[in-house]
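Peer 1: Right, I'll just put the structure down here and ask away after.
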Amino acid sequence: MDSLDTPRMYGDLAPWWPLLSPPEDYAEEAAMVAGLVRAAAPGARTLLELGSGGGHNAVHLRTAYEMTLVDLSPGMLEVSRRLNPGAEHVEGDMRTVRLGLTFDAVLVHDALDYLLTAEDVAALLATAVAHLRPGGVLVLVPDHVRETFEEDTEHGGTDAADGSGIRYLAWTYDPDPDDDSVVTQFAYLVRTADGRVASSAETHRCGLFGQQQWLGWLTGAGFEASALVGQTDEDRPGRTVFVGVLSAGEAADQG
Ligand SMILES: C[S@@+](CC[C@H](N)C(=O)[O-])C[C@H]1O[C@@H](n2cnc3c(N)ncnc32)[C@H](O)[C@@H]1O
C-alpha cells in the first residue's frame with residue numbers, strides 16, 4: 001500500500017474504525033502477543049508497533065509496555081492518539097521508517113497484509129532489525145499464510161450512542177493461486193446520526209506467503225525464528241504467528 005492509494009478504510013472512513021473493528025476484539029490476540037514477548041524477552045519494557053492503525057492492539061498492551069506506534073495513515077493515527085494518549089505516534093512507512101531508537105520488542109499485526117512482495121517483506125525486516133536491541137523480539141501476525149488460506153466471508157460493525165453506525169461485509173478470495181496475493185472486497189454501509197445511510201465498496205489487495213517463506217526471510221535477516229498457531233476463542237482457525245529473536249551479531253552489524 002502506498003500513501004497515494006490509501007484504502008478508504010484508512011482514509012475518509014478512518015474515524016469509523018472504532019465502530020468498524022472495536023478495540024475489545026483485539027484483547028485476546030494482544031494477550032497472546034504479550035505472552036510471546038514475555039517468553040522470548042523477559043523484562044521487555046519498550047514495544048514498537050508498525051502498522052498500528054487505530055491502536056486497538058496498543059490499548060491492551062500499553063499497561064505492560066511503553067508503546068511507540070507507527071502508521072502510514074494520518075487518519076488512523078488520529079484515532080489512535082485519542083485512544084492511547086500516552087503512546088508515541090509517528091507517521092511512517094514500515095518499510096522505510098527509521099526512528100533512531102531501539103526497542104525490546106517489535107510487533108507487526110494485520111498491517112502485514114499490505115506487504116505484497118518479497119522486497120516489501122525484506123524492507124520491513126530491515127526496519128525491525130534497525131529498531132531492535134540484541135536479543136530483542138519480533139512478533140509477526142499475518143492474517144493468512146498460504147498453507148491454511150481459505151476463501152471467507154465475514155461481516156461486522158457496531159453503533160455509537162448518538163445513533164450513527166457502520167456495517168461491513170468482507171469477501172476474501174484468491175483470484176490467481178499462482179501469485180502471492182489475495183483480494184478482499186469490502187462493502188460498507190455508514191449511517192450518520194441523522195439517520196441517513198450511504199453505501200460504498202472497495203478492493204484491498206493483500207500479500208499471501210508460505211510459512212517456510214516467512215521463516216526463511218526471518219532467518220536470512222538475522223533472527224532465530226519459529227512459527228506457532230495462535231489459538232483464540234474467535235470463530236475462525238488460529239492464525240500462524242512468527243516469533244524472531246534478533247541475534248547479537250545482526251543487531252551490532254546494523255548499529
Ligand atoms: C487493519 S489496520 C491495523 C489495525 C490495527 N491492528 C489496530 O490495532 O487498530 C492496517 C493498518 O496498516 C497500515 N499500513 C498499511 N501499509 C503500511 C505501511 N507500509 N507502513 C505503515 N502502515 C501501513 C494502514 O494505514 C492501516 O492503519
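We name chains A, B, ... following the order of the C-alpha cells; residues begin at 1 in each chain, and ligands are numbered from 1 as shown.
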Using only C-alpha atoms, which residues sit within 10 Å of A:Leu13 once same-chain residues fewer than 6 positions away are excluded, as a ChimeraX atom specification?
Peer 2: /A:7,20,75-76,166,188,190
Peer 1: Just C-alpha atoms for this one: save the residues we selected as a PDB file, in the first residue's frame.
Peer 2:
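Wrote result_12.pdb, looks like this:
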ATOM      1  CA  PRO A   7      -7.834   2.484   1.037  1.00  0.00           C
ATOM      2  CA  LEU A  20     -15.953  -0.924  12.413  1.00  0.00           C
ATOM      3  CA  GLY A  75      -6.483   9.435   9.994  1.00  0.00           C
ATOM      4  CA  MET A  76      -5.752   6.136  11.754  1.00  0.00           C
ATOM      5  CA  ILE A 166     -21.257   1.287  10.349  1.00  0.00           C
ATOM      6  CA  TYR A 188     -19.671  -0.567   3.710  1.00  0.00           C
ATOM      7  CA  VAL A 190     -22.443   4.073   7.008  1.00  0.00           C
TER       8      VAL A 190
END
Peer 1: Among stretch 73-170 of chain A, which ones does DSSP place in strand (DSSP E), written as a PyMOL selection string?
Peer 2: chain A and resi 88-91+103-108+132-140+152-156+165-170
Peer 1: Give me, as an MDAnalysis selection string, the residues of stretch 111-240 of chain A that a backbone DSSP run labels helix (DSSP H, G or I).
Peer 2: chainID A and resid 111:114 118:130 146:148 211:220
Peer 1: Quick one: residues within 9 Å of stretch 22-39 of chain A, only C-alpha atoms, excluding same-chain residues fewer than 3 positions away - as number ranges by chain?
Peer 2: A: 17-19, 42-44, 54-61, 64, 104-105, 107, 136-139, 141, 157-158, 230-234, 243
Peer 1: Which residues are near ligand 1 - at most 8 Å, using only C-alpha atoms and all ligand atoms? Format: as an NGL selection string.
Peer 2: :A and (1-2 or 6 or 10 or 17 or 21 or 23 or 26 or 50-58 or 70-74 or 76-77 or 80 or 91-95 or 109-115)
Peer 1: Since we have the selection now, will you write its residues out, keeping C-alpha atoms, as a short mmCIF file (atom, residue, chain, number, x, y, z; two decimals), in the first residue's frame?
Peer 2:
data_model
loop_
_atom_site.label_atom_id
_atom_site.label_comp_id
_atom_site.auth_asym_id
_atom_site.auth_seq_id
_atom_site.Cartn_x
_atom_site.Cartn_y
_atom_site.Cartn_z
CA MET A 1 0.00 0.00 0.00
CA ASP A 2 1.41 3.37 -0.99
CA THR A 6 -4.73 4.66 0.75
CA TYR A 10 -7.80 4.09 6.40
CA TRP A 17 -12.53 2.45 12.77
CA SER A 21 -13.46 -3.09 14.32
CA PRO A 23 -10.86 -2.42 20.42
CA TYR A 26 -8.18 -7.29 19.85
CA LEU A 50 4.48 -0.98 12.89
CA GLY A 51 1.17 -0.50 11.08
CA SER A 52 -0.54 0.17 14.39
CA GLY A 53 -3.75 1.55 12.83
CA GLY A 54 -6.32 2.81 15.32
CA GLY A 55 -4.25 1.49 18.25
CA HIS A 56 -6.62 -1.36 19.07
CA ASN A 57 -3.72 -3.67 19.99
CA ALA A 58 -1.93 -0.87 21.79
CA VAL A 70 3.93 3.90 13.52
CA ASP A 71 1.34 4.01 10.74
CA LEU A 72 1.09 5.32 7.20
CA SER A 73 -2.38 6.83 7.66
CA PRO A 74 -2.79 10.21 9.43
CA MET A 76 -5.75 6.14 11.75
CA LEU A 77 -3.02 7.79 13.84
CA SER A 80 -5.13 6.01 17.96
CA GLU A 91 3.55 8.79 10.67
CA GLY A 92 5.73 6.49 8.59
CA ASP A 93 6.02 3.51 6.27
CA MET A 94 7.03 0.25 7.95
CA ARG A 95 9.35 -0.43 5.02
CA HIS A 109 -0.06 -7.45 13.22
CA ASP A 110 -2.67 -7.34 10.44
CA ALA A 111 -0.92 -4.44 8.65
CA LEU A 112 1.37 -7.18 7.29
CA ASP A 113 -1.39 -7.91 4.77
CA TYR A 114 -0.33 -4.86 2.80
CA LEU A 115 3.16 -6.20 2.05
#
Peer 1: Of the residues A:Arg62, A:Arg82, A:His155, A:His131, which is the one nearest to A:Leu246, using only C-alpha atoms?
Peer 2: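 Using only C-alpha atoms, A:Leu246 sits closest to A:His131.
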Peer 1: Name the residues in contact with stretch 204-210 of chain A at a cut-off of 10 Å, using only C-alpha atoms, excluding same-chain residues fewer than 5 positions from it; report them as an mmCIF file with C-alpha atoms, in the first residue's frame.
Peer 2:
data_model
loop_
_atom_site.group_PDB
_atom_site.id
_atom_site.type_symbol
_atom_site.label_atom_id
_atom_site.label_comp_id
_atom_site.auth_asym_id
_atom_site.auth_seq_id
_atom_site.Cartn_x
_atom_site.Cartn_y
_atom_site.Cartn_z
ATOM 1 C CA MET A 1 0.000 0.000 0.000
ATOM 2 C CA THR A 6 -4.727 4.663 0.749
ATOM 3 C CA PRO A 7 -7.834 2.484 1.037
ATOM 4 C CA ARG A 8 -10.978 4.367 2.120
ATOM 5 C CA MET A 9 -10.950 2.236 5.284
ATOM 6 C CA ALA A 111 -0.920 -4.441 8.645
ATOM 7 C CA LEU A 112 1.372 -7.181 7.286
ATOM 8 C CA ASP A 113 -1.392 -7.909 4.769
ATOM 9 C CA TYR A 114 -0.327 -4.860 2.796
ATOM 10 C CA LEU A 115 3.159 -6.198 2.053
ATOM 11 C CA LEU A 116 2.748 -7.564 -1.464
ATOM 12 C CA THR A 117 6.235 -8.699 -2.495
ATOM 13 C CA ALA A 118 9.354 -10.357 -1.086
ATOM 14 C CA ASP A 120 8.350 -5.370 0.789
ATOM 15 C CA VAL A 121 8.945 -8.072 3.424
ATOM 16 C CA PRO A 142 -0.241 -12.058 9.314
ATOM 17 C CA ASP A 143 -3.962 -12.641 8.724
ATOM 18 C CA HIS A 144 -3.183 -15.604 6.451
ATOM 19 C CA VAL A 145 -0.409 -17.916 5.344
ATOM 20 C CA ARG A 146 -0.603 -19.857 2.084
ATOM 21 C CA GLU A 147 -0.875 -23.325 3.665
ATOM 22 C CA THR A 148 -4.058 -22.566 5.603
ATOM 23 C CA PHE A 149 -5.662 -19.851 3.450
ATOM 24 C CA ALA A 170 -15.688 -8.597 3.685
ATOM 25 C CA THR A 172 -11.768 -12.666 0.727
ATOM 26 C CA ASP A 174 -7.703 -15.836 -4.265
ATOM 27 C CA PRO A 177 -3.453 -19.145 -6.867
ATOM 28 C CA ASP A 179 0.658 -15.358 -7.492
ATOM 29 C CA ASP A 180 1.462 -14.062 -3.996
ATOM 30 C CA SER A 181 -1.710 -12.122 -3.304
ATOM 31 C CA VAL A 182 -5.399 -12.430 -2.460
ATOM 32 C CA VAL A 183 -8.145 -9.841 -2.534
ATOM 33 C CA THR A 184 -10.742 -8.727 -0.025
ATOM 34 C CA GLN A 185 -13.798 -6.983 -1.428
ATOM 35 C CA PHE A 186 -15.281 -4.688 1.215
ATOM 36 C CA LEU A 215 10.781 -18.466 8.339
ATOM 37 C CA GLY A 216 13.456 -18.272 5.620
#
Peer 1: Which one of A:Ala198, A:Ala40, A:Val97, A:Ala14 sits closest to A:Glu224 if you count only C-alpha atoms?
Peer 2: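 Closest candidate: A:Ala40.
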Peer 1: Let me make sure I understand: among A:Ala201, A:Leu69, A:Leu218, A:Leu140, which one has the smallest atom-to-atom distance to A:Tyr168 if we use only C-alpha atoms?
Peer 2: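 Closest to A:Tyr168 of all the choices is A:Ala201.
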Peer 1: Name all residues at most 8 Å from A:Thr46 (count only C-alpha atoms; drop same-chain ones fewer than 3 positions away) and give them as a count of residues only.
Peer 2: 7
Peer 1: If I take atom CA of A:Gly11 and atom CA of A:Glu202, how far is one from the other in Å, to one decimal?
Peer 2: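 Answer for the atom CA of A:Gly11 to atom CA of A:Glu202 separation: 12.0 Å.
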